[in-house]
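Everything below concerns the one structure shown next.
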Amino acid sequence: MLRACVLATSLLAAAAQAGPQADVLHWWTSPGETAAMHALADAYRAAGGQWRDLAVVAAEQARAVLMERIRAGNPPTAAQFNASRSFVQLARQGRLNALDDVAAQNRWAETLPAVLLDAVRVDGRIYAVPISIHMPAWLWSSKAALAKAGIRHEPRSIDEFFAALDKLKAAGLIPLAHGGQPWQDLNLFSAMLANQGGRELYLAVLRDRDATALQGEPLRQVLVNYKKLRRYVDAASPGRSWSDSTALLISGRAGLQFMGDWVKGEFTAAGQQPGRDYGCATGLSPRSPYIVDGDVLVFPKDKHGSARAAQQLLARVATAPATQLAFSARKGSVPVRTDLDTRTLDACARLGAAALRDAGRLVGNTEMLLDPEQLTALENAVSDYWNRDIPAQAAQQTIARILQNPNSSTDTRRQP
């Protein structure tokens with residue numbers, strides 16, 4: 001009995017010395033994402049914490065699990081989320097712990113881009129920890145395909161972009177690798193809006209919902225050129241995943257793709273290297289808007305506040321310079337900090353890190369700028385326009401109605 005008591009006491013003492021435990025709910029489950037998650041977990045353990053992994057395959061499923069556990073009064077210590085209007089709703093419901101003290105102690109205002117801080121700030125307080133930055137509208141190219149089509153360099157303007165597509169088509173290649181899923185259709189539209197319309201039009205349409213911009217000729221021209229891209233995709237495009245579209249570039253069958261920097265994992269897995277086998281550009285010009293997207297961690301409130309120590313430790317560790325570099329190197333993302341030496345990252349990540357230091361190029365992604373209902377409605381409208389014979393002016397009117405009316409129906413597929 002005495003030995004049992006001594007053993008129990010020793011186990012309790014060891015547990016106390018092990019540091020705060022963090023149950024972390026996330027959807028980092030692909031090989032690159034898992035490697036990045038381990039970098040974060042190892043850093044947390046090195047700082048004295050205990051990491052308990054709660055991995056879920058899909059983002060939607062992970063968010064559903066989070067909400068169910070919050071409703072049941074048993075929330076995880078931390079959960080992966082996106083900087084979105086859904087996150088804002090969660091904070092305003094009083095479900096999350098604020099992180100103003102950690103942000104102040106670690107000088108986030110000085111080291112993180114303002115657009116990112118604004119995305120995790122709700123009513124003047126910070127409620128999430130930025131983990132990584134992804135830009136969803138990179139232009140990727142197959143060096144082999146461009147060479148076969150006689151294209152000497154990646155396009156640097158809208159005119160050069162369409163000229164390159166024509167040359168690729170003439171060479172018998174797939175000019176534009178695109179997966180015909182609604183979210184990918186909207187992603188391609190956002191890329192065209194940013195690259196053709198520039199930062200001013202992008203923000204006027206998606207952030208300000210300015211009536212003049214929504215009804216104007218520049219947006220109509222963006223829609224015309226967006227629909228023009230339809231002639232450059234292959235017949236197998238509808239329903240195809242982004243990764244299968246990237247595989248077309250890897251094999252040299254397709255020339256160009258607008259997609260996020262998560263595609264680097266596909267190139268890496270195939271043994272390809274940036275600059276040698278594929279090209280990456282943050283836009284069609286050095287001044288193209290850089291759309292900020294990425295992962296954050298939120299920290300749900302628990303009944304007695306017992307998780308607070310684990311949450312604060314994880315928040316500090318996640319934004320530490322060494323953690324940021326290790327996480328980004330594995331995930332293919334760009335660090336959230338602008339004060340890091342990024343020479344250890346790949347060439348594409350270095351381009352992204354340089355863009356982050358140029359505040360005049362930064363814009364939020366659609367999830368940051370639109371309510372969930374508006375985002376769904378816009379996605380449906382843009383995808384419908386892409387797939388059906390709808391005049392650009394009619395599509396423009398539908399988009400204007402959605403963005404100017406928060407109560408617009410999310411079912412736009414029957415609209416003319």
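Please note that chains go A, B, ... in the order of the structure tokens, that every chain numbers its residues from 1, and that ligands are numbered from 1 in the order shown.
Those residues that approach A:Ser241 to within 9 Å, counting only C-alpha atoms, are A:His178, A:Gly179, A:Gly180, A:Gln181, A:Gln184, A:Thr246; same-chain residues fewer than 5 positions away are not listed.
Residues of stretch 48-191 of chain A carrying a DSSP assignment of strand (DSSP E), computed from the backbone, are Gln50, Trp51, Arg52, Asp53, Leu54, Ala55, Ala78, Ala79, Gln80, Phe81, Asn82, Arg121, Val122, Arg125, Ile126, Ala128, Val129, Pro130, Trp138, Leu139, Trp140, Ser141, Ser142, Ile174, Pro175 and Leu176 of chain A.
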*All alpha helix (DSSP H) residues (DSSP, backbone) inside stretch 107-236 of chain A, as a ChimeraX atom specification*: /A:108-111,114-120,143-148,158-170,182-206,211-215,217-228
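Nearest to A:Thr282 of all the residues A:Ala354, A:Val56, A:Ala47, A:Ala78 is A:Ala354, counting only C-alpha atoms.
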*12 Å contact set for A:Gly94, only C-alpha atoms, chain neighbours under 6 positions out, as a list in words*: Ile70, Phe87, Val88, Val122, Asp123, Arg125, Tyr127, Phe299, Pro300, Lys301 and Asp302 of chain A
*Find the spatial neighbours of stretch 233-239 of chain A, counting only C-alpha atoms, within a cut-off of 12 Å - ignore same-chain residues fewer than 6 positions away - and output them as a ChimeraX atom specification.*
/A:165-166,168-169,172-185,226-227,245-246,248,253-257,383,386-387
_I'd like the neighbourhood of A:Thr77 as a VMD selection string, where a residue qualifies if any of its atoms comes within 12 Å (using only C-alpha atoms), though same-chain residues fewer than 5 positions away should be ignored._
chain A and resid 20 to 26 50 to 54 66 69 to 70 96 to 97 297 to 303 305 to 315
*Could you name the residues that touch stretch 341-343 of chain A at 9 Å or less, counting only C-alpha atoms, but leaving out those on the same chain fewer than 6 positions away, as number ranges by chain?*
A: 325, 335, 349-350, 353
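Restricting the calculation to only C-alpha atoms, the smallest distance between A:Asn195 and any of A:Ile399, A:Ala318, A:Leu146, A:Ala281 is found for A:Ala281.
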*For A:Gly197, list every protein, DNA or RNA residue within 9 Å, evaluated using only C-alpha atoms, and leave out those in the same chain fewer than 2 positions away; present the list as a ChimeraX atom specification.*
/A:192-195,199-202,218-219,221-222
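Considering only C-alpha atoms, the residue among A:Pro130, A:Gln397, A:Gly279, A:Gly260 positioned nearest to A:Thr111 is A:Pro130.
Remark: for A:Ala59, the closest of the candidate residues A:Asp295, A:Glu154, A:Leu139, A:Gly352 is A:Asp295 (distances computed over only C-alpha atoms).
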*Counting only C-alpha atoms, which of A:Glu160, A:Asp346, A:Leu116, A:Ser243 gets nearest to A:Ile291?*
A:Leu116
